[in-house]
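Undergrad: This is the content of my_file_29.csv (CSV, C-alpha atoms):
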```csv
chain,number,residue,atom,x,y,z
A,185,MET,CA,14.3,-13.0,12.0
A,186,ALA,CA,10.7,-12.1,11.0
A,187,ARG,CA,10.1,-11.2,14.6
A,188,ALA,CA,13.1,-8.9,14.7
A,189,ALA,CA,11.7,-7.1,11.7
A,190,VAL,CA,8.3,-6.7,13.4
A,191,LEU,CA,9.3,-5.7,16.9
A,192,GLY,CA,11.2,-2.6,18.0
A,193,ARG,CA,10.7,1.1,18.2
A,194,LEU,CA,10.8,2.9,14.9
A,195,THR,CA,13.7,5.3,14.4
A,196,TRP,CA,14.4,7.6,11.6
A,197,GLN,CA,17.5,6.8,9.6
A,198,VAL,CA,19.4,8.4,6.8
A,199,ALA,CA,19.0,6.8,3.3
A,200,GLU,CA,21.2,7.7,0.4
A,201,VAL,CA,19.9,7.8,-3.2
A,202,VAL,CA,21.8,5.3,-5.3
A,203,ASP,CA,19.7,5.4,-8.5
A,204,VAL,CA,16.8,7.2,-10.1
A,205,ALA,CA,14.9,5.6,-13.0
A,206,ALA,CA,11.9,6.8,-14.9
A,207,GLU,CA,9.0,4.4,-15.1
A,208,THR,CA,6.5,6.6,-16.9
A,209,PRO,CA,6.4,10.4,-17.6
A,210,ARG,CA,5.0,11.0,-14.1
A,211,VAL,CA,6.5,8.2,-12.1
A,212,LYS,CA,10.0,7.4,-11.0
A,213,THR,CA,11.7,4.6,-9.0
A,214,LEU,CA,14.2,5.8,-6.4
A,215,ALA,CA,16.7,3.2,-5.1
A,216,PHE,CA,18.2,3.9,-1.7
A,217,ASP,CA,21.0,2.4,0.3
A,218,VAL,CA,19.9,2.1,3.9
A,219,PRO,CA,22.6,0.9,6.2
A,220,GLY,CA,21.4,-1.7,8.7
A,221,TRP,CA,18.0,-2.3,7.0
A,222,PRO,CA,16.3,-5.0,9.0
A,223,GLY,CA,14.5,-6.6,6.0
A,224,HIS,CA,10.9,-6.3,5.0
A,225,ARG,CA,7.9,-8.2,3.7
A,226,ALA,CA,6.1,-7.6,0.3
A,227,GLY,CA,3.5,-4.9,0.8
A,228,GLN,CA,5.1,-3.1,3.7
A,229,HIS,CA,6.0,0.6,3.3
A,230,VAL,CA,8.3,3.3,4.7
A,231,ASP,CA,7.6,6.7,6.1
A,232,VAL,CA,9.7,9.4,4.3
A,233,ARG,CA,10.5,12.7,6.1
A,234,LEU,CA,11.8,15.8,4.5
A,235,THR,CA,13.1,18.7,6.5
A,236,ALA,CA,13.4,22.3,5.1
A,237,GLU,CA,16.2,24.6,6.0
A,238,ASP,CA,13.8,26.5,8.4
A,239,GLY,CA,13.0,23.2,10.2
A,240,TYR,CA,9.6,22.6,8.5
A,241,GLN,CA,9.0,18.9,8.1
A,242,ALA,CA,6.8,17.0,5.8
A,243,GLN,CA,6.1,13.3,6.0
A,244,ARG,CA,4.6,10.7,3.6
A,245,SER,CA,4.2,7.0,3.4
A,246,TYR,CA,5.4,5.0,0.3
A,247,SER,CA,5.1,1.4,-0.5
A,248,ILE,CA,8.3,-0.6,-0.9
A,249,ALA,CA,8.6,-1.9,-4.5
A,250,SER,CA,11.7,-4.0,-4.1
A,251,THR,CA,11.9,-7.6,-2.9
A,252,PRO,CA,13.1,-8.4,0.7
A,253,ASP,CA,16.3,-10.0,-0.6
A,254,ASN,CA,17.3,-6.8,-2.5
A,255,PRO,CA,19.8,-4.8,-0.5
A,256,ARG,CA,18.5,-1.6,-2.0
A,257,ILE,CA,15.2,-0.2,-0.9
A,258,GLU,CA,13.2,0.9,-4.0
A,259,LEU,CA,10.3,3.3,-3.8
A,260,THR,CA,8.2,4.1,-6.9
A,261,VAL,CA,6.8,7.5,-6.6
A,262,GLU,CA,4.1,9.3,-8.7
A,263,ARG,CA,4.5,13.0,-9.1
A,264,LEU,CA,1.5,14.9,-7.9
A,265,ASP,CA,1.6,18.4,-9.3
A,266,ASP,CA,0.2,20.0,-6.2
A,267,GLY,CA,2.1,17.6,-3.9
A,268,GLU,CA,4.4,18.8,-1.1
A,269,VAL,CA,6.7,15.8,-1.1
A,270,SER,CA,6.4,13.9,-4.4
A,271,PRO,CA,7.7,16.6,-6.8
A,272,TYR,CA,10.8,16.9,-4.7
A,273,LEU,CA,11.4,13.2,-4.7
A,274,THR,CA,10.8,12.8,-8.5
A,275,ASP,CA,12.3,16.0,-9.8
A,276,GLU,CA,15.1,17.0,-7.4
A,277,LEU,CA,16.7,13.9,-5.9
A,278,ARG,CA,19.9,12.7,-7.5
A,279,PRO,CA,22.3,9.9,-6.6
A,280,GLY,CA,24.3,10.8,-3.5
A,281,ASP,CA,21.4,12.9,-2.0
A,282,GLN,CA,20.1,11.9,1.4
A,283,ILE,CA,16.7,11.8,2.9
A,284,GLU,CA,15.3,10.4,6.2
A,285,LEU,CA,13.1,7.3,6.3
A,286,ARG,CA,11.8,4.8,8.9
A,287,GLY,CA,10.4,1.4,8.5
A,288,PRO,CA,9.4,-1.1,7.4
A,289,VAL,CA,5.9,-0.4,8.7
A,290,GLY,CA,2.6,-2.2,8.2
A,291,GLY,CA,1.8,-5.8,8.3
A,292,TYR,CA,-1.8,-6.0,7.3
A,293,PHE,CA,-1.4,-5.5,3.5
A,294,VAL,CA,1.4,-8.1,3.2
A,295,TRP,CA,1.8,-11.3,1.3
A,296,GLU,CA,4.5,-13.8,1.8
A,297,PRO,CA,5.1,-16.9,-0.4
A,298,PRO,CA,4.1,-19.5,2.4
A,299,GLN,CA,0.6,-18.0,2.3
A,300,GLY,CA,0.3,-19.4,-1.2
A,301,GLY,CA,-2.5,-18.6,-3.7
A,302,PRO,CA,-4.5,-18.1,-5.6
A,303,LEU,CA,-3.8,-14.4,-5.5
A,304,LEU,CA,-5.9,-11.7,-7.0
A,305,LEU,CA,-4.1,-8.3,-7.2
A,306,VAL,CA,-6.0,-5.3,-8.3
A,307,GLY,CA,-4.2,-2.0,-8.7
A,308,GLY,CA,-5.2,1.5,-9.8
A,309,GLY,CA,-2.3,3.6,-11.1
A,310,SER,CA,0.6,3.6,-8.6
A,311,GLY,CA,-1.4,1.3,-6.5
A,312,VAL,CA,0.5,-1.4,-8.4
A,313,VAL,CA,3.6,-0.7,-6.3
A,314,PRO,CA,3.0,-2.9,-3.3
A,315,LEU,CA,1.4,-5.5,-5.6
A,316,MET,CA,4.6,-5.5,-7.7
A,317,ALA,CA,6.6,-6.2,-4.5
A,318,MET,CA,4.4,-9.3,-4.1
A,319,ILE,CA,4.9,-10.3,-7.7
A,320,ARG,CA,8.6,-9.9,-7.6
A,321,THR,CA,8.8,-11.7,-4.2
A,322,ARG,CA,6.7,-14.6,-5.7
A,323,ASP,CA,9.1,-14.7,-8.6
A,324,ALA,CA,12.3,-14.5,-6.5
A,325,ALA,CA,11.0,-17.3,-4.2
A,326,GLY,CA,10.1,-19.5,-7.1
A,327,SER,CA,6.5,-19.7,-5.8
A,328,ASP,CA,3.9,-21.3,-8.1
A,329,ALA,CA,1.0,-19.5,-6.4
A,330,GLU,CA,-1.5,-18.8,-9.2
A,331,THR,CA,-1.6,-15.0,-9.5
A,332,ARG,CA,-3.7,-12.6,-11.5
A,333,LEU,CA,-2.9,-8.9,-11.7
A,334,LEU,CA,-5.6,-6.6,-12.9
A,335,LEU,CA,-4.1,-3.2,-13.4
A,336,SER,CA,-6.0,0.0,-14.2
A,337,SER,CA,-4.0,2.8,-15.9
A,338,ARG,CA,-5.0,5.9,-17.7
A,339,GLY,CA,-3.1,5.1,-20.9
A,340,TRP,CA,-0.5,2.6,-22.2
A,341,ASP,CA,2.3,5.0,-21.5
A,342,ASP,CA,1.1,5.4,-17.9
A,343,VAL,CA,1.4,1.6,-17.1
A,344,ILE,CA,4.0,1.4,-14.4
A,345,TYR,CA,6.4,-1.6,-14.7
A,346,ARG,CA,5.0,-2.4,-18.1
A,347,ASP,CA,8.0,-4.1,-19.6
A,348,GLU,CA,8.9,-6.0,-16.5
A,349,LEU,CA,5.3,-7.3,-16.2
A,350,GLU,CA,5.5,-8.5,-19.8
A,351,GLN,CA,8.7,-10.4,-18.9
A,352,LEU,CA,7.3,-11.9,-15.7
A,353,ARG,CA,3.9,-13.1,-17.0
A,354,GLY,CA,3.5,-16.8,-17.5
A,355,ASP,CA,4.4,-19.5,-14.9
A,356,GLY,CA,1.0,-19.0,-13.2
A,357,LEU,CA,1.1,-15.1,-13.4
A,358,SER,CA,-1.4,-13.5,-15.6
A,359,VAL,CA,-1.5,-9.8,-16.2
A,360,VAL,CA,-4.6,-8.0,-17.4
A,361,HIS,CA,-4.7,-4.3,-18.3
A,362,THR,CA,-7.5,-1.9,-18.5
A,363,LEU,CA,-6.9,1.6,-19.9
A,364,THR,CA,-9.4,4.1,-18.7
A,365,ARG,CA,-8.7,7.3,-20.6
A,366,SER,CA,-6.8,6.5,-23.8
A,367,GLN,CA,-6.0,3.4,-25.7
A,368,PRO,CA,-3.4,2.8,-28.4
A,369,PRO,CA,-4.6,2.0,-31.9
A,370,GLY,CA,-5.9,-1.5,-32.2
A,371,TRP,CA,-6.4,-1.9,-28.4
A,372,THR,CA,-8.9,-4.8,-27.9
A,373,ALA,CA,-8.5,-5.3,-24.2
A,374,TYR,CA,-10.5,-3.5,-21.4
A,375,ALA,CA,-11.0,0.2,-21.8
A,376,ARG,CA,-13.1,1.1,-18.8
A,377,ARG,CA,-13.0,1.4,-15.0
A,378,VAL,CA,-12.8,-1.8,-13.1
A,379,ASP,CA,-16.3,-3.2,-12.4
A,380,ALA,CA,-17.9,-6.4,-11.1
A,381,GLU,CA,-18.2,-7.9,-14.6
A,382,MET,CA,-14.5,-7.4,-15.3
A,383,LEU,CA,-13.5,-8.8,-12.0
A,384,ALA,CA,-15.7,-11.9,-12.6
A,385,GLU,CA,-14.0,-12.4,-16.0
A,386,VAL,CA,-10.5,-12.0,-14.6
A,387,GLY,CA,-11.3,-14.3,-11.7
A,388,PRO,CA,-10.5,-16.4,-9.8
A,389,ASN,CA,-13.9,-17.6,-8.7
A,390,PRO,CA,-14.7,-16.8,-5.1
A,391,ALA,CA,-15.1,-20.6,-4.4
A,392,GLU,CA,-11.3,-20.8,-4.9
A,393,ARG,CA,-10.9,-18.5,-1.9
A,394,PRO,CA,-8.3,-16.2,-3.4
A,395,HIS,CA,-6.4,-13.8,-1.3
A,396,ALA,CA,-7.4,-10.4,-2.8
A,397,TYR,CA,-5.2,-7.3,-2.5
A,398,VAL,CA,-6.6,-4.0,-3.7
A,399,CYS,CA,-4.5,-0.8,-3.8
A,400,GLY,CA,-5.0,2.6,-5.4
A,401,PRO,CA,-6.8,5.9,-4.9
A,402,THR,CA,-9.7,5.7,-2.3
A,403,PRO,CA,-12.6,5.8,-4.8
A,404,PHE,CA,-11.0,3.0,-6.9
A,405,VAL,CA,-10.4,0.8,-3.8
A,406,GLU,CA,-14.0,1.4,-2.6
A,407,ALA,CA,-15.5,0.4,-5.9
A,408,VAL,CA,-13.3,-2.7,-6.4
A,409,ALA,CA,-13.7,-4.0,-2.8
A,410,GLU,CA,-17.5,-3.5,-3.0
A,411,ALA,CA,-17.7,-5.3,-6.3
A,412,LEU,CA,-15.5,-8.2,-5.0
A,413,VAL,CA,-17.8,-8.7,-2.0
A,414,GLN,CA,-20.8,-8.5,-4.3
A,415,LEU,CA,-19.3,-11.3,-6.4
A,416,GLY,CA,-19.1,-13.5,-3.3
A,417,HIS,CA,-15.6,-12.9,-2.0
A,418,LYS,CA,-15.3,-13.0,1.8
A,419,PRO,CA,-14.7,-9.5,3.1
A,420,HIS,CA,-11.8,-10.6,5.3
A,421,ARG,CA,-10.0,-12.1,2.3
A,422,VAL,CA,-10.2,-8.7,0.5
A,423,LYS,CA,-7.3,-6.6,1.8
A,424,THR,CA,-7.3,-3.0,0.9
A,425,GLU,CA,-4.8,-0.1,0.9
A,426,ARG,CA,-6.1,3.4,0.1
A,427,PHE,CA,-4.0,6.3,-1.2
A,428,GLY,CA,-6.5,9.1,-0.8
A,429,PRO,CA,-8.1,11.2,-3.6
A,430,THR,CA,-5.3,11.1,-6.2
A,431,GLY,CA,-3.0,8.3,-5.2
A,432,GLY,CA,0.8,8.2,-4.8
O,197,MET,CA,-17.8,7.9,0.2
O,198,ASP,CA,-15.1,10.4,1.2
O,199,ALA,CA,-12.3,10.5,-1.4
O,200,LEU,CA,-10.0,11.8,1.4
O,201,MET,CA,-10.5,8.7,3.5
O,202,LEU,CA,-7.5,6.5,4.1
O,203,ASP,CA,-7.2,3.3,6.1
O,204,GLY,CA,-5.2,1.9,9.0
O,205,ASN,CA,-2.2,1.2,6.8
O,206,ALA,CA,-1.7,5.0,6.5
O,207,VAL,CA,-1.0,5.3,10.3
O,208,ALA,CA,1.1,2.1,10.6
O,209,GLY,CA,4.3,4.2,11.3
O,210,LEU,CA,2.5,6.5,13.8
O,211,LEU,CA,1.0,3.6,15.8
O,212,GLN,CA,4.3,1.7,15.8
O,213,GLU,CA,6.0,4.8,17.1
O,214,VAL,CA,3.7,4.7,20.1
O,215,PHE,CA,3.2,1.0,20.8
O,216,ALA,CA,6.6,-0.3,19.5
O,217,VAL,CA,4.9,-3.2,17.8
O,218,GLU,CA,3.3,-3.6,14.4
O,219,MET,CA,-0.3,-2.5,15.0
O,220,THR,CA,-2.1,-2.9,11.7
O,221,THR,CA,-2.5,-6.6,12.3
O,222,ALA,CA,-3.8,-6.0,15.8
O,223,ILE,CA,-7.6,-6.9,16.1
O,224,GLU,CA,-9.9,-4.3,17.6
O,225,THR,CA,-13.5,-4.8,18.7
O,226,CYS,CA,-15.9,-1.9,18.2
O,227,ASN,CA,-17.7,-1.1,21.4
O,228,ARG,CA,-20.8,0.0,19.5
O,229,CYS,CA,-21.5,-2.7,16.9
O,230,GLY,CA,-19.2,-5.4,18.2
O,231,ALA,CA,-17.4,-6.0,14.9
O,232,THR,CA,-13.8,-7.1,14.9
O,233,ASP,CA,-11.3,-5.9,12.4
O,234,PRO,CA,-7.6,-5.7,11.9
O,235,VAL,CA,-6.5,-2.1,12.5
O,236,GLY,CA,-5.2,-1.9,8.9
O,237,ALA,CA,-8.8,-2.3,7.7
O,238,LEU,CA,-10.2,0.6,9.7
O,239,TYR,CA,-11.2,3.9,8.0
O,240,VAL,CA,-8.9,6.8,8.7
O,241,PHE,CA,-9.6,10.5,8.4
O,242,ARG,CA,-7.0,13.2,8.7
O,243,GLY,CA,-7.8,16.7,9.8
O,244,ALA,CA,-6.3,18.6,12.7
O,245,GLY,CA,-5.8,15.1,14.1
O,246,ILE,CA,-6.6,11.6,13.0
O,247,VAL,CA,-9.9,9.8,13.6
O,248,MET,CA,-10.1,6.0,13.0
O,249,ARG,CA,-13.6,4.8,12.4
O,250,CYS,CA,-15.3,1.4,12.4
O,251,PRO,CA,-15.9,0.4,8.7
O,252,HIS,CA,-19.2,-1.2,9.7
O,253,CYS,CA,-21.0,1.4,11.9
O,254,ASP,CA,-18.8,4.5,11.5
O,255,ASN,CA,-18.2,4.6,15.3
O,256,ALA,CA,-15.2,6.8,16.1
O,257,LEU,CA,-12.8,4.2,17.6
O,258,VAL,CA,-9.5,6.1,18.1
O,259,THR,CA,-8.5,9.7,17.9
O,260,ILE,CA,-4.9,10.9,17.7
O,261,VAL,CA,-3.7,14.4,18.0
O,262,LYS,CA,0.0,15.2,17.8
O,263,ASP,CA,2.2,18.2,18.3
O,264,SER,CA,6.0,18.4,18.1
O,265,THR,CA,6.6,16.8,21.6
O,266,ARG,CA,3.4,15.0,22.6
O,267,MET,CA,0.7,12.8,21.4
O,268,TRP,CA,-2.9,12.5,22.7
O,269,ILE,CA,-4.6,9.2,22.0
O,270,GLY,CA,-8.2,8.5,22.8
O,271,PHE,CA,-9.7,5.0,22.6
O,272,ALA,CA,-13.3,6.1,23.0
O,273,GLY,CA,-14.8,3.5,20.6
O,274,ILE,CA,-12.7,0.4,21.2
O,275,ARG,CA,-13.8,-2.4,23.5
O,276,THR,CA,-10.7,-4.6,23.2
O,277,LEU,CA,-7.5,-4.5,21.3
O,278,GLN,CA,-5.9,-7.9,20.6
O,279,VAL,CA,-2.1,-7.6,20.1
O,280,THR,CA,0.3,-10.4,19.3
O,281,VAL,CA,3.0,-10.5,21.9
```
Take the structure in this file and express it as structure tokens.
TA:
Amino acid sequence: MARAAVLGRLTWQVAEVVDVAAETPRVKTLAFDVPGWPGHRAGQHVDVRLTAEDGYQAQRSYSIASTPDNPRIELTVERLDDGEVSPYLTDELRPGDQIELRGPVGGYFVWEPPQGGPLLLVGGGSGVVPLMAMIRTRDAAGSDAETRLLLSSRGWDDVIYRDELEQLRGDGLSVVHTLTRSQPPGWTAYARRVDAEMLAEVGPNPAERPHAYVCGPTPFVEAVAEALVQLGHKPHRVKTERFGPTGG
Amino acid sequence: MDALMLDGNAVAGLLQEVFAVEMTTAIETCNRCGATDPVGALYVFRGAGIVMRCPHCDNALVTIVKDSTRMWIGFAGIRTLQVTV
């Protein structure tokens, strides 16, 4: 089964939008029905292809947010104002619309429940999307892997999956927020960019040999990965996924 | 640090298109510094084509150029590529 999902030449297939939901003012989750979807693992992504009437094509990669047992494929997409693909996905797509996608792809930035914990997940903005797939998969599998999510967002209203994370926390999952640009009145938690001191406080200790997954804009990922290695985490246990300058 | 830099995850689909297997977990050995890394951990730069670089010594490992019907792949910097079969 897992092998069937790994092997095989990739083909583009038509996916139909079945639901569109706002996560934050700039981020939406699109749910697709993909006939014959072979299944996926938490952290994998899909390539999305749009074709204009004149034949021009644009292609982007998006992390899958949904769990492997969900028959729908959910992508959470941040709208980039100067983007070529994301404004179309977030502003134009309606249930019943069709796009082309292929996948699942990737296998490096993947976590499955048998790998166990402890898990250290560090996300910047929409970098939380593949990490959320891991958290949801952990929950769906009833895994007790100790998991810490450190999520950096601009402000409280920019926190993707905020309410769901509040519901899921506990049972070995801790969620720590840092708000880098604006904080609500009375905010006493972190209000700065992720740094080594913060990572040391959030833990776990490198001696516990956590699996670390870091995802976000490239400068964010570089800074976090470097800080983790400085703290003593083994480089090969720090897996990274970079979105480029702005993310999404 | 180049903010435009990506990593091997970004070309997972492209590589699978060519090799028909998942490639980001394949392990490459750099022919300059000898470091071994999963392809997903390599640095990736996009321009007219794609250049994959060693995250330790910056050696250009793989170059990929694509047009609508063909793809040119160069492995100038790779000593070995270990693929699960």
Undergrad: Hey, what's within 12 Å of O:Gly243 if we count only C-alpha atoms and toss same-chain stuff fewer than 6 positions away? As a PDB file with C-alpha atoms, keeping the file's coordinate frame, please?
TA:
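Result went into part.pdb, see below:
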```pdb
ATOM      1  CA  LEU O 200     -10.000  11.800   1.400  1.00  0.00           C
ATOM      2  CA  MET O 201     -10.500   8.700   3.500  1.00  0.00           C
ATOM      3  CA  LEU O 202      -7.500   6.500   4.100  1.00  0.00           C
ATOM      4  CA  THR O 259      -8.500   9.700  17.900  1.00  0.00           C
ATOM      5  CA  ILE O 260      -4.900  10.900  17.700  1.00  0.00           C
ATOM      6  CA  VAL O 261      -3.700  14.400  18.000  1.00  0.00           C
ATOM      7  CA  LYS O 262       0.000  15.200  17.800  1.00  0.00           C
TER       8      LYS O 262
END
```
Undergrad: Calculated over only C-alpha atoms, which of the candidates O:Val281, O:Gly236, O:Arg242, O:Thr265 has the smallest distance to A:Val294?
TA: O:Gly236
Undergrad: Closest to chain O among A:Pro219, A:Gly309, A:Gly326, A:Gly428, using only C-alpha atoms?
TA: A:Gly428
Undergrad: Any idea what's packed within 8 Å of O:Ala256, counting only C-alpha atoms, ignoring anything in its chain fewer than 2 positions away? Could you give it as a PDB file with C-alpha atoms, keeping the file's coordinate frame?
TA:
```pdb
ATOM      1  CA  VAL O 247      -9.900   9.800  13.600  1.00  0.00           C
ATOM      2  CA  MET O 248     -10.100   6.000  13.000  1.00  0.00           C
ATOM      3  CA  ARG O 249     -13.600   4.800  12.400  1.00  0.00           C
ATOM      4  CA  CYS O 250     -15.300   1.400  12.400  1.00  0.00           C
ATOM      5  CA  ASP O 254     -18.800   4.500  11.500  1.00  0.00           C
ATOM      6  CA  VAL O 258      -9.500   6.100  18.100  1.00  0.00           C
ATOM      7  CA  THR O 259      -8.500   9.700  17.900  1.00  0.00           C
ATOM      8  CA  ALA O 272     -13.300   6.100  23.000  1.00  0.00           C
ATOM      9  CA  GLY O 273     -14.800   3.500  20.600  1.00  0.00           C
TER      10      GLY O 273
END
```
Undergrad: Contacts of O:Gln212 at 12 Å or less, counting only C-alpha atoms, minus same-chain residues fewer than 2 places along, as a PyMOL selection string?
TA: (chain A and resi 190-195+230-231+286-291) or (chain O and resi 204-210+214-222+235)
Undergrad: For chain O, which residue out of A:Glu385, A:Asp328, A:Glu406, A:Asp253 is the nearest one, using only C-alpha atoms?
TA: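 Going through A:Glu385, A:Asp328, A:Glu406, A:Asp253 one by one, the smallest distance to chain O is for A:Glu406.
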Undergrad: Report, in Å with one decimal, the straight-line distance from atom CA of A:Thr274 to atom CA of O:Tyr239.
TA: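 Computing the Euclidean distance for atom CA of A:Thr274 and atom CA of O:Tyr239 yields 28.9 Å.
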Undergrad: Give me, please, the distance in Å between atom CA of A:Asn389 and atom CA of A:His417, quoted to one decimal.
TA: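 Distance between the two atoms: 8.4 Å.
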Undergrad: Quote the spacing between atom CA of A:Arg338 and atom CA of A:Pro394 in Å to one decimal place.
TA: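 Going from atom CA of A:Arg338 over to atom CA of A:Pro394 covers 26.5 Å.
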Undergrad: Which is closer to chain A than all the others in O:Cys226, O:Leu257, O:Ile269, O:Val240, using all atoms listed in the file?
TA: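 Smallest separation from chain A among the options: O:Val240.
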Undergrad: Write out as a PyMOL selection string the residues lying within 9 Å of O:Thr276, counting only C-alpha atoms and excluding same-chain residues fewer than 4 positions away.
TA: chain O and resi 223-227
Undergrad: From (7.1, 15.4, -0.9), in the file's coordinates, out to 12 Å: which residues are reached, counting all atoms listed in the file? Answer as a count of residues only.
TA: 32
Undergrad: Of the candidates O:Met197, O:Cys253, O:Ala237, O:Ile246, which one gets nearest to O:Trp268 if we count only C-alpha atoms?
TA: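 Ranking O:Met197, O:Cys253, O:Ala237, O:Ile246 by distance to O:Trp268, first place goes to O:Ile246.
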Undergrad: I'd like the neighbourhood of A:His420 as a PyMOL selection string, where a residue qualifies if any of its atoms comes within 12 Å (using only C-alpha atoms), though same-chain residues fewer than 6 positions away should be ignored.
TA: (chain A and resi 292-293+393-397+409+412-413) or (chain O and resi 232-234+236-237)
Undergrad: Would you mind telling me which residue in O:Leu277, O:Ala244, O:Asn255, O:Ser264 lies nearest to chain A when using all atoms listed in the file?
TA: O:Ser264
Undergrad: Kindly reconstruct stretch 374-393 of chain A with N, CA and C atoms and present the result as a PDB file, keeping the file's coordinate frame.
TA:
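Listing of rebuild-v9.pdb after writing:
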```pdb
ATOM      1  N   TYR A 374      -9.555  -4.405 -22.139  1.00  0.00           N
ATOM      2  CA  TYR A 374     -10.500  -3.500 -21.400  1.00  0.00           C
ATOM      3  C   TYR A 374     -10.128  -2.066 -21.547  1.00  0.00           C
ATOM      4  N   ALA A 375     -11.158  -1.239 -21.632  1.00  0.00           N
ATOM      5  CA  ALA A 375     -11.000   0.200 -21.800  1.00  0.00           C
ATOM      6  C   ALA A 375     -11.995   0.935 -20.922  1.00  0.00           C
ATOM      7  N   ARG A 376     -12.162   0.476 -19.700  1.00  0.00           N
ATOM      8  CA  ARG A 376     -13.100   1.100 -18.800  1.00  0.00           C
ATOM      9  C   ARG A 376     -12.652   0.912 -17.364  1.00  0.00           C
ATOM     10  N   ARG A 377     -13.329   1.578 -16.444  1.00  0.00           N
ATOM     11  CA  ARG A 377     -13.000   1.400 -15.000  1.00  0.00           C
ATOM     12  C   ARG A 377     -13.291  -0.021 -14.613  1.00  0.00           C
ATOM     13  N   VAL A 378     -12.561  -0.487 -13.596  1.00  0.00           N
ATOM     14  CA  VAL A 378     -12.800  -1.800 -13.100  1.00  0.00           C
ATOM     15  C   VAL A 378     -14.192  -1.949 -12.517  1.00  0.00           C
ATOM     16  N   ASP A 379     -14.922  -2.981 -12.931  1.00  0.00           N
ATOM     17  CA  ASP A 379     -16.300  -3.200 -12.400  1.00  0.00           C
ATOM     18  C   ASP A 379     -16.457  -4.691 -12.088  1.00  0.00           C
ATOM     19  N   ALA A 380     -17.620  -5.029 -11.574  1.00  0.00           N
ATOM     20  CA  ALA A 380     -17.900  -6.400 -11.100  1.00  0.00           C
ATOM     21  C   ALA A 380     -17.767  -7.390 -12.309  1.00  0.00           C
ATOM     22  N   GLU A 381     -18.260  -6.973 -13.467  1.00  0.00           N
ATOM     23  CA  GLU A 381     -18.200  -7.900 -14.600  1.00  0.00           C
ATOM     24  C   GLU A 381     -16.761  -8.184 -15.009  1.00  0.00           C
ATOM     25  N   MET A 382     -15.926  -7.155 -14.995  1.00  0.00           N
ATOM     26  CA  MET A 382     -14.500  -7.400 -15.300  1.00  0.00           C
ATOM     27  C   MET A 382     -13.842  -8.270 -14.293  1.00  0.00           C
ATOM     28  N   LEU A 383     -14.141  -8.015 -13.019  1.00  0.00           N
ATOM     29  CA  LEU A 383     -13.500  -8.800 -12.000  1.00  0.00           C
ATOM     30  C   LEU A 383     -13.982 -10.288 -12.067  1.00  0.00           C
ATOM     31  N   ALA A 384     -15.242 -10.502 -12.461  1.00  0.00           N
ATOM     32  CA  ALA A 384     -15.700 -11.900 -12.600  1.00  0.00           C
ATOM     33  C   ALA A 384     -15.012 -12.556 -13.780  1.00  0.00           C
ATOM     34  N   GLU A 385     -14.735 -11.806 -14.857  1.00  0.00           N
ATOM     35  CA  GLU A 385     -14.000 -12.400 -16.000  1.00  0.00           C
ATOM     36  C   GLU A 385     -12.576 -12.691 -15.692  1.00  0.00           C
ATOM     37  N   VAL A 386     -11.943 -11.783 -14.941  1.00  0.00           N
ATOM     38  CA  VAL A 386     -10.500 -12.000 -14.600  1.00  0.00           C
ATOM     39  C   VAL A 386     -10.371 -13.122 -13.618  1.00  0.00           C
ATOM     40  N   GLY A 387     -11.354 -13.265 -12.706  1.00  0.00           N
ATOM     41  CA  GLY A 387     -11.300 -14.300 -11.700  1.00  0.00           C
ATOM     42  C   GLY A 387     -10.256 -14.090 -10.683  1.00  0.00           C
ATOM     43  N   PRO A 388      -9.895 -15.086  -9.877  1.00  0.00           N
ATOM     44  CA  PRO A 388     -10.500 -16.400  -9.800  1.00  0.00           C
ATOM     45  C   PRO A 388     -11.879 -16.390  -9.160  1.00  0.00           C
ATOM     46  N   ASN A 389     -12.576 -17.503  -9.296  1.00  0.00           N
ATOM     47  CA  ASN A 389     -13.900 -17.600  -8.700  1.00  0.00           C
ATOM     48  C   ASN A 389     -13.788 -17.566  -7.177  1.00  0.00           C
ATOM     49  N   PRO A 390     -14.768 -16.894  -6.539  1.00  0.00           N
ATOM     50  CA  PRO A 390     -14.700 -16.800  -5.100  1.00  0.00           C
ATOM     51  C   PRO A 390     -14.621 -18.162  -4.386  1.00  0.00           C
ATOM     52  N   ALA A 391     -15.139 -19.217  -5.027  1.00  0.00           N
ATOM     53  CA  ALA A 391     -15.100 -20.600  -4.400  1.00  0.00           C
ATOM     54  C   ALA A 391     -13.639 -21.039  -4.276  1.00  0.00           C
ATOM     55  N   GLU A 392     -12.729 -20.461  -5.056  1.00  0.00           N
ATOM     56  CA  GLU A 392     -11.300 -20.800  -4.900  1.00  0.00           C
ATOM     57  C   GLU A 392     -10.641 -20.108  -3.772  1.00  0.00           C
ATOM     58  N   ARG A 393     -11.396 -19.261  -3.090  1.00  0.00           N
ATOM     59  CA  ARG A 393     -10.900 -18.500  -1.900  1.00  0.00           C
ATOM     60  C   ARG A 393      -9.590 -17.816  -2.140  1.00  0.00           C
TER      61      ARG A 393
END
```
